[in-house]
Every structure is written in C-alpha cells, then in structure tokens.
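Next comes coords_26.txt, with compact mmCIF, C-alpha atoms and all ligand atoms.
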```txt
# COMPACT_ATOMS: atom_id res chain seq x y z
CA MET G 231 35.28 -11.26 6.57
CA SER G 232 33.14 -8.67 8.37
CA SER G 233 29.38 -9.00 8.02
CA THR G 234 26.87 -6.20 7.51
CA ILE G 235 25.90 -6.53 11.16
CA ASP G 236 29.54 -6.00 12.16
CA ILE G 237 29.68 -2.84 10.07
CA ILE G 238 26.66 -1.35 11.76
CA GLU G 239 27.23 -2.52 15.28
CA ALA G 240 31.02 -2.11 15.44
CA ASN G 241 30.85 0.97 17.65
CA ILE G 242 28.22 -0.23 20.07
CA ASP G 243 29.28 -1.80 23.39
CA MET G 244 26.83 -4.60 24.12
CA PRO G 245 26.44 -5.87 27.68
CA GLU G 246 27.66 -9.44 28.13
CA THR G 247 24.14 -10.66 28.83
CA PRO G 248 21.88 -8.61 26.53
CA LEU G 249 18.74 -7.30 28.18
CA ILE G 250 16.88 -7.55 24.88
CA ARG G 251 16.63 -10.91 23.15
CA GLY G 252 18.59 -11.17 19.88
CA GLU G 253 22.29 -10.53 19.47
CA ASN G 254 22.05 -7.45 17.31
CA LEU G 255 19.32 -5.01 16.46
CA VAL G 256 19.52 -4.21 12.78
CA THR G 257 16.66 -2.48 11.04
CA LEU G 258 15.79 -2.87 7.37
CA GLN G 259 16.78 0.76 6.91
CA SER G 260 20.28 0.32 8.34
CA PHE G 261 20.68 -2.98 6.52
CA ILE G 262 19.84 -1.33 3.19
CA LEU G 263 22.29 1.49 3.89
CA ALA G 264 25.09 -0.95 4.66
CA GLU G 265 24.26 -3.03 1.56
CA THR G 266 24.21 0.13 -0.55
CA ARG G 267 27.73 0.96 0.58
CA ARG G 268 28.97 -2.61 0.25
CA HIS G 269 27.75 -3.00 -3.35
CA GLN G 270 28.24 0.60 -4.42
CA ALA G 271 24.53 0.87 -5.15
CA THR G 272 22.94 4.28 -5.50
CA GLY G 273 20.98 6.09 -2.81
CA THR G 274 18.10 6.24 -5.30
CA PHE G 275 17.65 2.52 -5.04
CA SER G 276 17.62 2.60 -1.23
CA TRP G 277 14.88 5.24 -1.31
CA ILE G 278 12.73 2.90 -3.38
CA LEU G 279 13.21 0.08 -0.89
CA SER G 280 12.31 2.45 1.91
CA ALA G 281 9.08 3.39 0.06
CA LEU G 282 8.22 -0.31 -0.15
CA SER G 283 8.89 -0.77 3.54
CA LEU G 284 6.72 2.25 4.38
CA SER G 285 3.90 0.89 2.20
CA ALA G 286 4.17 -2.48 3.94
CA LYS G 287 3.76 -0.81 7.34
CA PHE G 288 0.68 1.09 6.14
CA ILE G 289 -0.90 -2.01 4.62
CA SER G 290 -0.06 -4.15 7.64
CA ASN G 291 -1.71 -1.62 9.92
CA LYS G 292 -4.84 -1.43 7.73
CA MET G 293 -5.00 -5.20 7.62
CA ARG G 294 -4.84 -5.58 11.41
CA ARG G 295 -7.78 -3.15 11.77
CA ALA G 296 -9.71 -4.22 8.67
CA ARG G 297 -12.66 -5.81 10.41
CA LEU G 298 -12.91 -2.89 12.87
CA GLU G 299 -12.79 -0.30 10.09
CA ASN G 300 -15.18 -2.23 7.87
CA VAL G 301 -12.79 -2.56 4.94
CA LEU G 302 -13.20 -6.31 4.43
CA GLY G 303 -15.19 -7.78 1.56
CA ASP G 304 -15.34 -7.04 -2.14
CA LEU G 305 -16.07 -3.80 -3.90
CA GLY G 306 -18.61 -5.29 -6.26
CA ALA G 307 -16.23 -4.79 -9.21
CA ASP G 308 -13.70 -6.94 -11.10
CA ASN G 309 -10.04 -6.05 -11.68
CA VAL G 310 -8.22 -6.29 -15.03
CA GLN G 311 -7.79 -10.04 -14.47
CA GLY G 312 -11.55 -10.48 -14.25
CA GLU G 313 -11.19 -11.26 -10.52
CA ARG G 314 -13.37 -9.85 -7.75
CA GLN G 315 -11.64 -6.77 -6.27
CA GLN G 316 -11.48 -6.59 -2.48
CA LYS G 317 -11.61 -3.19 -0.74
CA LEU G 318 -8.17 -3.87 0.67
CA ASP G 319 -6.81 -4.64 -2.86
CA VAL G 320 -7.69 -1.10 -3.85
CA ILE G 321 -6.39 0.49 -0.64
CA SER G 322 -3.08 -1.40 -0.86
CA ASN G 323 -2.67 -0.46 -4.52
CA GLU G 324 -3.17 3.21 -3.70
CA VAL G 325 -0.73 3.10 -0.79
CA LEU G 326 2.00 1.61 -2.99
CA ILE G 327 1.43 4.00 -5.85
CA ARG G 328 1.48 7.01 -3.52
CA CYS G 329 4.59 5.92 -1.57
CA LEU G 330 6.53 4.92 -4.70
CA GLY G 331 5.24 7.88 -6.70
CA SER G 332 6.92 10.32 -4.34
CA ARG G 333 10.39 8.82 -4.95
CA SER G 334 12.23 10.57 -7.78
CA GLY G 335 14.04 7.35 -8.71
CA VAL G 336 10.84 5.61 -9.80
CA ALA G 337 10.21 5.94 -13.54
CA ILE G 338 7.30 3.51 -13.93
CA VAL G 339 5.04 1.50 -11.66
CA ALA G 340 2.98 -1.47 -12.80
CA SER G 341 0.40 -3.21 -10.65
CA GLU G 342 -1.74 -6.32 -10.85
CA GLU G 343 -4.73 -4.06 -10.26
CA ASP G 344 -4.14 -1.74 -13.24
CA GLU G 345 -4.39 -2.62 -16.88
CA GLU G 346 -1.53 -0.37 -17.98
CA PRO G 347 1.70 0.67 -16.24
CA THR G 348 1.75 4.19 -14.77
CA ILE G 349 4.54 6.20 -16.35
CA LEU G 350 5.79 8.72 -13.81
CA ARG G 351 9.21 9.96 -15.00
CA PRO G 352 10.24 8.47 -18.33
CA GLU G 353 13.26 10.79 -18.72
CA THR G 354 16.34 9.93 -16.74
CA ASP G 355 17.73 13.45 -16.12
CA GLY G 356 21.12 11.78 -15.73
CA GLU G 357 19.86 9.64 -12.82
CA GLN G 358 19.39 5.86 -12.89
CA ARG G 359 15.65 5.31 -12.51
CA TYR G 360 13.72 2.11 -11.88
CA VAL G 361 10.54 0.24 -12.78
CA VAL G 362 8.65 -1.25 -9.82
CA LEU G 363 6.11 -4.00 -10.49
CA PHE G 364 3.88 -5.33 -7.74
CA ASP G 365 0.94 -7.40 -6.67
CA PRO G 366 -0.38 -5.16 -3.89
CA LEU G 367 -2.39 -7.82 -2.10
CA ASP G 368 -1.72 -11.37 -3.19
CA GLY G 369 -4.15 -14.03 -2.01
CA SER G 370 -6.77 -11.48 -1.10
CA SER G 371 -9.53 -14.11 -1.12
CA ASN G 372 -7.98 -15.19 2.23
CA LEU G 373 -8.76 -11.83 3.80
CA ASP G 374 -12.25 -12.53 5.08
CA VAL G 375 -11.06 -15.61 6.96
CA CYS G 376 -7.99 -14.01 8.55
CA GLY G 377 -5.63 -16.12 6.40
CA GLY G 378 -2.16 -15.04 5.29
CA VAL G 379 -1.97 -12.52 2.43
CA GLY G 380 0.96 -10.57 1.03
CA THR G 381 2.53 -7.96 -1.20
CA ILE G 382 5.00 -9.07 -3.89
CA PHE G 383 7.41 -6.71 -5.70
CA SER G 384 9.99 -6.78 -8.45
CA ILE G 385 12.43 -3.99 -9.40
CA LEU G 386 13.99 -3.51 -12.83
CA ARG G 387 16.30 -0.81 -14.20
CA HIS G 388 14.47 1.70 -16.38
CA ASP G 389 16.01 1.51 -19.81
CA GLN G 390 16.30 5.09 -20.97
CA GLY G 391 16.99 4.08 -24.58
CA GLY G 392 13.82 2.13 -25.33
CA SER G 393 10.13 2.69 -24.92
CA PRO G 394 8.49 2.48 -21.46
CA GLU G 395 7.01 -0.85 -22.60
CA ASP G 396 10.51 -2.27 -23.26
CA SER G 397 11.53 -1.15 -19.79
CA VAL G 398 8.67 -3.01 -18.18
CA LEU G 399 8.84 -6.18 -20.27
CA GLN G 400 12.29 -7.41 -19.24
CA PRO G 401 12.92 -11.04 -18.29
CA GLY G 402 13.28 -11.98 -14.63
CA THR G 403 17.06 -12.39 -14.95
CA LYS G 404 17.22 -8.58 -15.21
CA GLN G 405 15.61 -7.94 -11.82
CA VAL G 406 17.82 -5.90 -9.50
CA ALA G 407 15.72 -6.71 -6.45
CA ALA G 408 12.67 -8.69 -5.49
CA GLY G 409 10.76 -9.46 -2.35
CA TYR G 410 7.51 -9.99 -0.57
CA VAL G 411 5.74 -9.00 2.60
CA LEU G 412 3.65 -11.62 4.36
CA TYR G 413 0.91 -10.25 6.60
CA GLY G 414 0.48 -13.34 8.76
CA SER G 415 0.67 -13.96 12.48
CA SER G 416 3.48 -11.40 12.24
CA THR G 417 4.43 -9.14 9.32
CA VAL G 418 7.52 -10.50 7.57
CA LEU G 419 9.51 -8.88 4.77
CA VAL G 420 11.79 -11.10 2.67
CA LEU G 421 14.19 -9.36 0.31
CA THR G 422 16.93 -10.02 -2.21
CA THR G 423 19.04 -7.48 -4.05
CA GLY G 424 20.92 -10.26 -5.81
CA HIS G 425 23.25 -10.97 -2.86
CA GLY G 426 21.36 -13.60 -0.87
CA VAL G 427 17.96 -13.55 0.78
CA HIS G 428 17.29 -11.73 4.04
CA MET G 429 14.30 -11.83 6.35
CA PHE G 430 12.92 -9.02 8.53
CA VAL G 431 10.03 -8.99 10.99
CA LEU G 432 8.00 -5.86 11.72
CA ASP G 433 8.27 -4.86 15.36
CA PRO G 434 5.01 -2.92 15.79
CA SER G 435 6.20 -1.40 19.08
CA VAL G 436 9.00 0.53 17.34
CA GLY G 437 7.53 0.60 13.82
CA ALA G 438 10.60 -0.92 12.18
CA PHE G 439 11.41 -4.10 10.28
CA MET G 440 14.15 -5.92 12.22
CA LEU G 441 16.62 -8.31 10.61
CA VAL G 442 15.96 -11.83 11.88
CA GLU G 443 17.80 -13.93 9.31
CA GLN G 444 20.62 -13.11 6.93
CA ASP G 445 21.50 -15.32 3.94
CA LEU G 446 18.49 -17.56 4.25
CA ARG G 447 18.95 -20.93 2.50
CA ILE G 448 16.09 -23.14 1.34
CA PRO G 449 16.46 -26.81 2.39
CA THR G 450 17.52 -29.00 -0.57
CA THR G 451 14.74 -31.48 0.14
CA GLY G 452 11.38 -31.44 1.93
CA LYS G 453 8.60 -34.02 1.63
CA THR G 454 5.78 -31.51 1.11
CA TYR G 455 3.93 -30.43 -2.01
CA SER G 456 1.79 -27.33 -2.19
CA LEU G 457 -0.84 -26.97 -4.91
CA ASN G 458 -4.58 -26.80 -5.45
CA GLU G 459 -5.22 -30.53 -5.62
CA GLY G 460 -8.90 -29.89 -6.39
CA ASN G 461 -7.76 -29.22 -9.96
CA ARG G 462 -5.89 -32.52 -10.21
CA LYS G 463 -8.03 -34.07 -12.95
CA SER G 464 -7.34 -31.16 -15.28
CA PHE G 465 -3.53 -31.13 -14.78
CA PRO G 466 -1.33 -32.45 -17.62
CA GLN G 467 -0.46 -36.13 -17.06
CA GLY G 468 3.10 -35.46 -15.79
CA TYR G 469 1.79 -33.52 -12.76
CA GLN G 470 -0.66 -36.30 -11.96
CA ASP G 471 2.18 -38.84 -12.20
CA TYR G 472 4.22 -36.68 -9.81
CA LEU G 473 1.35 -36.62 -7.29
CA ASP G 474 1.01 -40.43 -7.48
CA TRP G 475 4.75 -40.75 -6.89
CA ALA G 476 4.85 -38.21 -4.02
CA GLN G 477 1.86 -39.81 -2.26
CA GLY G 478 3.54 -43.22 -2.63
CA GLN G 479 6.59 -41.72 -0.88
CA GLY G 480 4.52 -40.43 2.06
CA TYR G 481 4.64 -36.71 1.15
CA SER G 482 2.36 -34.22 2.96
CA ALA G 483 0.15 -31.61 1.29
CA ARG G 484 0.11 -27.99 2.50
CA TYR G 485 -1.83 -25.25 0.68
CA ALA G 486 -2.82 -21.87 2.08
CA GLY G 487 -4.17 -20.62 -1.28
CA ALA G 488 -2.07 -17.44 -1.13
CA MET G 489 1.18 -17.59 -3.05
CA VAL G 490 3.09 -15.50 -0.52
CA ALA G 491 2.11 -17.75 2.40
CA ASP G 492 2.80 -20.93 0.44
CA VAL G 493 6.16 -19.77 -0.92
CA HIS G 494 7.21 -18.47 2.51
CA ARG G 495 6.58 -21.86 4.08
CA THR G 496 8.38 -23.60 1.21
CA LEU G 497 11.38 -21.27 1.58
CA LEU G 498 11.70 -21.94 5.30
CA LYS G 499 10.75 -25.61 5.51
CA GLY G 500 11.54 -26.98 2.04
CA GLY G 501 9.25 -28.77 -0.42
CA VAL G 502 7.75 -27.69 -3.72
CA PHE G 503 5.08 -25.13 -4.63
CA LEU G 504 3.21 -25.63 -7.91
CA TYR G 505 0.59 -23.91 -9.97
CA PRO G 506 0.27 -26.19 -13.04
CA PRO G 507 -1.64 -25.52 -16.26
CA THR G 508 -5.29 -26.55 -15.99
CA THR G 509 -8.06 -26.90 -18.55
CA LYS G 510 -9.50 -23.59 -17.34
CA ALA G 511 -6.10 -21.84 -17.18
CA PRO G 512 -3.85 -23.43 -19.82
CA ASN G 513 -0.87 -21.25 -18.78
CA GLY G 514 -1.52 -21.61 -15.08
CA LYS G 515 -2.96 -18.81 -13.00
CA LEU G 516 0.03 -16.93 -11.65
CA ARG G 517 1.39 -13.79 -13.29
CA LEU G 518 4.94 -13.78 -14.60
CA MET G 519 5.99 -10.18 -14.01
CA TYR G 520 4.91 -9.54 -10.42
CA GLU G 521 4.36 -13.01 -8.95
CA ALA G 522 6.46 -15.72 -10.61
CA ASN G 523 9.58 -13.63 -11.40
CA PRO G 524 10.14 -12.05 -7.98
CA MET G 525 9.43 -15.34 -6.17
CA SER G 526 11.80 -17.16 -8.55
CA MET G 527 14.61 -14.67 -7.91
CA LEU G 528 14.18 -15.16 -4.15
CA VAL G 529 14.07 -18.95 -4.40
CA GLU G 530 17.12 -19.13 -6.69
CA GLN G 531 19.04 -16.70 -4.48
CA ALA G 532 18.25 -18.99 -1.54
CA GLY G 533 19.66 -22.00 -3.43
CA GLY G 534 16.41 -23.44 -4.81
CA LYS G 535 14.96 -23.83 -8.31
CA ALA G 536 12.07 -22.17 -10.17
CA TRP G 537 10.85 -23.64 -13.46
CA VAL G 538 7.95 -23.23 -15.87
CA GLY G 539 8.25 -26.87 -17.01
CA ASP G 540 10.77 -26.66 -19.82
CA GLY G 541 13.08 -23.92 -18.52
CA ARG G 542 13.81 -21.39 -15.79
CA ILE G 543 11.00 -18.95 -15.04
CA LEU G 544 13.56 -16.14 -14.93
CA GLU G 545 14.44 -16.75 -18.59
CA VAL G 546 10.90 -16.46 -19.94
CA GLU G 547 10.75 -13.56 -22.43
CA PRO G 548 7.73 -11.51 -21.38
CA GLU G 549 5.18 -10.50 -23.99
CA THR G 550 2.54 -8.73 -21.92
CA LEU G 551 2.39 -7.20 -18.44
CA HIS G 552 -0.28 -9.55 -17.11
CA GLN G 553 0.80 -12.79 -18.79
CA ARG G 554 0.52 -16.03 -16.83
CA VAL G 555 2.97 -18.91 -16.50
CA PRO G 556 2.93 -22.36 -14.90
CA VAL G 557 5.06 -22.36 -11.73
CA ILE G 558 7.17 -25.10 -10.12
CA LEU G 559 9.47 -23.75 -7.43
CA GLY G 560 11.14 -24.73 -4.20
CA SER G 561 13.83 -27.10 -2.93
CA ALA G 562 16.19 -28.10 -5.74
CA ASP G 563 15.70 -31.87 -5.36
CA GLU G 564 11.92 -31.55 -5.06
CA VAL G 565 11.65 -29.45 -8.23
CA ASP G 566 13.74 -32.12 -9.98
CA HIS G 567 11.28 -34.82 -8.88
CA VAL G 568 8.46 -32.90 -10.60
CA LEU G 569 10.49 -32.17 -13.73
CA ALA G 570 11.45 -35.85 -14.04
CA ARG G 571 7.72 -36.69 -14.43
CA LEU G 572 7.07 -33.90 -16.91
CA ARG G 573 9.77 -35.05 -19.35
P1 LIG G 601 -5.76 -14.87 -5.21
O1 LIG G 601 -6.51 -15.24 -6.44
O2 LIG G 601 -6.54 -15.11 -3.95
O3 LIG G 601 -5.17 -13.48 -5.26
O4 LIG G 601 -2.50 -14.50 -7.29
C1 LIG G 601 -3.47 -15.39 -7.34
C2 LIG G 601 -3.65 -16.29 -6.13
O5 LIG G 601 -4.47 -15.83 -5.11
C3 LIG G 601 -2.34 -16.77 -5.48
O6 LIG G 601 -1.94 -16.00 -4.38
C4 LIG G 601 -2.66 -18.18 -5.06
O7 LIG G 601 -1.52 -18.99 -4.98
C5 LIG G 601 -3.60 -18.62 -6.14
O8 LIG G 601 -4.21 -17.47 -6.68
C6 LIG G 601 -4.69 -19.52 -5.62
O9 LIG G 601 -5.46 -19.97 -6.68
P2 LIG G 601 -6.52 -21.14 -6.54
O10 LIG G 601 -7.64 -20.59 -5.74
O11 LIG G 601 -6.91 -21.46 -7.95
O12 LIG G 601 -5.84 -22.29 -5.87
```
Have the structure of the file written as structure tokens, please.
Amino acid sequence: MSSTIDIIEANIDMPETPLIRGENLVTLQSFILAETRRHQATGTFSWILSALSLSAKFISNKMRRARLENVLGDLGADNVQGERQQKLDVISNEVLIRCLGSRSGVAIVASEEDEEPTILRPETDGEQRYVVLFDPLDGSSNLDVCGGVGTIFSILRHDQGGSPEDSVLQPGTKQVAAGYVLYGSSTVLVLTTGHGVHMFVLDPSVGAFMLVEQDLRIPTTGKTYSLNEGNRKSFPQGYQDYLDWAQGQGYSARYAGAMVADVHRTLLKGGVFLYPPTTKAPNGKLRLMYEANPMSMLVEQAGGKAWVGDGRILEVEPETLHQRVPVILGSADEVDHVLARLR
C-alpha cells in the first residue's frame, strides 16, 4: 500500500546518501493536500487547516520575541473564566480569529477567551462549512517563566439545519479534526483528521511545518502520572487510592502545568494525565469543548483512552460552551489503573 509520502515524493529522485537529514521532506501543506485527495475531503477543509497553521506560525513568532517586545505579563483584566488574561492570550486570540475569519468555509468560531461564539457565515450557500473551537494559548501562566504553552483546536461540521448553538454544542465524537500546537523548545503541531495522528515540527528557516512522524501511537503503558498533586487532599477518594497504588509501584510524577505540554509528553512517552474534580472545582478545571474533546480525539486516534470517570469524554453531551469536565487520559492500561480505583 502506498503511503502519503510515496504519493508526494514519487517523482523526486533522491540521492543515495541524502545531503539533508530525514528521508523525505513533507510539509503540513502537502500532507493535507494528499490527505484531502485520499479521503475525498473538500478543499474548504484544507483551507481551514492552513489558516490554523498560519496562526501557529504567527503565535510562535510572537512568543519567541515576547520578552523583547514587552508582551509578557497580564493585562490587568479577567477572561470569561474569571482567569487573569495575559497579553499573549489576547494577541493569540486575535490572530486565530483573523486567520480563520478570512476563510469562507468557517461558519462559526468559538474561543476560550470569548463568552459567546462568533457567528461569521451561518448560511451554507451550498458549501459545507465548519465550526472551529480553540483555546488560543493554553497554559499561559507558564509564559513568564519560559515554560511550554500551546494552542488547542477542534473542528466540527456546521449543521445548516439547526441553530448556531446546536452546531457548536456537538459531542466530541462528531469532531472531524483536532490538534494542538506546542510552543516549546521547538514548535510542534500534532493533528488528527480521524485517520491517525501525525506530528509536524516548524522549521523556522523555511517557515514550514515538516512531517516528522506519521501514525503516532501512544505506548500502552508508562509508569508516570501527571496531575497537580498539590490538590490531592481535595480529590475524591478513588484518585487518592490510585496515587497510593501508583507510588507503591514506583511511578514517577511529571507535571508542567500546561495541558498541551503534559499531554504531548504523555502521548510520546506513555503514562496518564489527570485533572480530577476538586473541592474548589467539582467538575475539574479543564474545558470540554476546546481542551478535553480535541485532546481525547488525538489520544484515542493514537490508541489510548480518554475518560471522564464513568464514560468516554468524547461521548459527553455538551450543555454549554465553557463547561468543565474531569479528565483522565493517556496509555490504555494506565487509564484502566485509575478507573479501577474509581469504581
Ligand atoms: P492555565 O490555567 O495556565 O491556562 O487550561 C487551563 C490550564 O492552564 C491547563 O493548561 C493546565 O493543565 C491546568 O490549567 C493547570 O491547572 P492547575 O494550575 O490547577 O494545575
């Protein structure tokens, strides 16, 4: 069976010993085009992915120069979640809205930073349009200390029959694509369109995301848990029992405090990422529509599991745009170890 890389590179004669490291040079753009053809997707959809990739390049560039351009720190205002807004939260939100807003295939955008979705083109005009939900800058409290932060996105089909609200409030199983960008020691974009998970790294010298791993699989096991253990005393008993068990088994703790960084590590190395209910946040802290759902689609597509406690995150019926859910996701066996203590 020919791979996407074969399709793109078939006509290129490569020297026997490549001068550039890496067997093939496939950009996100060419990968999306090949995927579009392979799965008979529409060009509209590819344009949306290209807007997300363009936004990621803008944000990445801003981030790298943030201290020099004096755009670190908070704005002195709270967002709709009652959280302190960072200057870069606002800049990233604007970049995404402007890039996505110019694509005719985008019907609605919904952001963590805005109370209500922005309805751009509710009519379909005979074209399949999409809803794009995003957290423009996840983990932004890490910004001032040069820690990893990211952008998370989820794409749904715009349902022309119902109200814009119905279009936005679809369960995670209906996502047609999901992904994140991690602005870490390099800028990494991880994407699924429902046919596996693929990883790209931004090459700043050419300004393109290059494919570095196709069909990424999460390890089935991994003796690492990732959660804010400072909240331990206010977790439900099952989570505390899990921690006792894991520590007895010699597990390690790893927590960056930014979901994108923690999920990325879990995806590559295995283990489990958790944000349990706490006394202060009885439904957990993470948002279903633009944090838990897209990450769950990626983790499931990579062969892992993503649960709220008593069911799959992707099957939660959403009630509001900014609703929160408890999150347990990662290697299949490790998620099972947690669930066994919650039952
Ligand atoms: P942040 O508030 O910094 O944006 O989305 C919320 C989030 O970060 C996640 O990225 C992260 O996993 C979590 O909050 C960290 O919360 P705690 O500080 O409560 O551990």
Practice prompt. Would you list the residues that come within 7 Å of ligand LIG 601 (chain G)? Count only C-alpha atoms and all ligand atoms and give the answer as a PyMOL selection string.
Written response: chain G and resi 368-372+457-458+487-490+515-516
Item to complete: Please work out which residues fall within 8 Å of (-3.5, -12.8, 14.0), coordinates as given in the file, with all atoms listed in the file counting, and return them as a PyMOL selection string.
Response: chain G and resi 294+376+414-416
Worksheet entry | Length of the CA of Val529 in chain G to CA of Tyr455 in chain G vector [Å] | 15.5 Å
Worksheet entry | Proximity to Gly378 in chain G - best of G:Ser322, G:Gln531, G:Ser290, G:Thr257, all atoms listed in the file |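 Using all atoms listed in the file, Gly378 in chain G sits closest to G:Ser290.
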Worksheet item: In Å, with one decimal, what is the gap from CA of Gly409 in chain G to CA of Glu299 in chain G?
Response: 28.2 Å
Item to complete: Determine, counting only C-alpha atoms, which protein, DNA and RNA residues have an atom within 10 Å of an atom of range 340-344 of chain G; residues of the same chain fewer than 5 positions away are not included. Present the result as a ChimeraX atom specification.
Response: /G:308-311,313,315,319-320,322-324,326-327,349,361-368,383-384,398,517,519-521,551-552
Provide range 535-548 of chain G of the preceding structure as a file containing N, CA and C atoms, as a PDB file, in the first residue's frame.
```
ATOM      1  N   LYS G 535      -6.718   6.004  25.718  1.00  0.00           N
ATOM      2  CA  LYS G 535      -8.076   6.153  26.251  1.00  0.00           C
ATOM      3  C   LYS G 535      -8.249   7.535  26.866  1.00  0.00           C
ATOM      4  N   ALA G 536      -9.492   8.035  26.875  1.00  0.00           N
ATOM      5  CA  ALA G 536      -9.775   9.348  27.471  1.00  0.00           C
ATOM      6  C   ALA G 536     -11.150   9.274  28.129  1.00  0.00           C
ATOM      7  N   TRP G 537     -11.142   9.345  29.461  1.00  0.00           N
ATOM      8  CA  TRP G 537     -12.391   9.161  30.227  1.00  0.00           C
ATOM      9  C   TRP G 537     -12.663  10.352  31.152  1.00  0.00           C
ATOM     10  N   VAL G 538     -13.977  10.515  31.469  1.00  0.00           N
ATOM     11  CA  VAL G 538     -14.334  11.495  32.500  1.00  0.00           C
ATOM     12  C   VAL G 538     -14.403  10.833  33.865  1.00  0.00           C
ATOM     13  N   GLY G 539     -14.460   9.534  33.939  1.00  0.00           N
ATOM     14  CA  GLY G 539     -14.633   8.800  35.198  1.00  0.00           C
ATOM     15  C   GLY G 539     -15.605   7.666  34.953  1.00  0.00           C
ATOM     16  N   ASP G 540     -16.794   8.026  34.432  1.00  0.00           N
ATOM     17  CA  ASP G 540     -17.782   6.967  34.195  1.00  0.00           C
ATOM     18  C   ASP G 540     -18.122   6.818  32.711  1.00  0.00           C
ATOM     19  N   GLY G 541     -17.293   7.294  31.832  1.00  0.00           N
ATOM     20  CA  GLY G 541     -17.546   7.135  30.399  1.00  0.00           C
ATOM     21  C   GLY G 541     -16.502   7.879  29.590  1.00  0.00           C
ATOM     22  N   ARG G 542     -16.594   7.704  28.253  1.00  0.00           N
ATOM     23  CA  ARG G 542     -15.628   8.384  27.368  1.00  0.00           C
ATOM     24  C   ARG G 542     -15.907   9.885  27.350  1.00  0.00           C
ATOM     25  N   ILE G 543     -14.851  10.665  27.365  1.00  0.00           N
ATOM     26  CA  ILE G 543     -15.013  12.122  27.262  1.00  0.00           C
ATOM     27  C   ILE G 543     -15.751  12.463  25.968  1.00  0.00           C
ATOM     28  N   LEU G 544     -15.386  11.781  24.887  1.00  0.00           N
ATOM     29  CA  LEU G 544     -15.970  12.108  23.579  1.00  0.00           C
ATOM     30  C   LEU G 544     -17.484  11.911  23.536  1.00  0.00           C
ATOM     31  N   GLU G 545     -18.028  11.150  24.485  1.00  0.00           N
ATOM     32  CA  GLU G 545     -19.484  10.917  24.462  1.00  0.00           C
ATOM     33  C   GLU G 545     -20.264  11.851  25.375  1.00  0.00           C
ATOM     34  N   VAL G 546     -19.563  12.748  26.051  1.00  0.00           N
ATOM     35  CA  VAL G 546     -20.277  13.690  26.938  1.00  0.00           C
ATOM     36  C   VAL G 546     -21.125  14.626  26.070  1.00  0.00           C
ATOM     37  N   GLU G 547     -22.412  14.735  26.416  1.00  0.00           N
ATOM     38  CA  GLU G 547     -23.305  15.653  25.681  1.00  0.00           C
ATOM     39  C   GLU G 547     -23.089  17.067  26.206  1.00  0.00           C
ATOM     40  N   PRO G 548     -22.580  17.961  25.381  1.00  0.00           N
ATOM     41  CA  PRO G 548     -22.291  19.304  25.897  1.00  0.00           C
ATOM     42  C   PRO G 548     -23.547  20.110  26.188  1.00  0.00           C
TER      43      PRO G 548
END
```
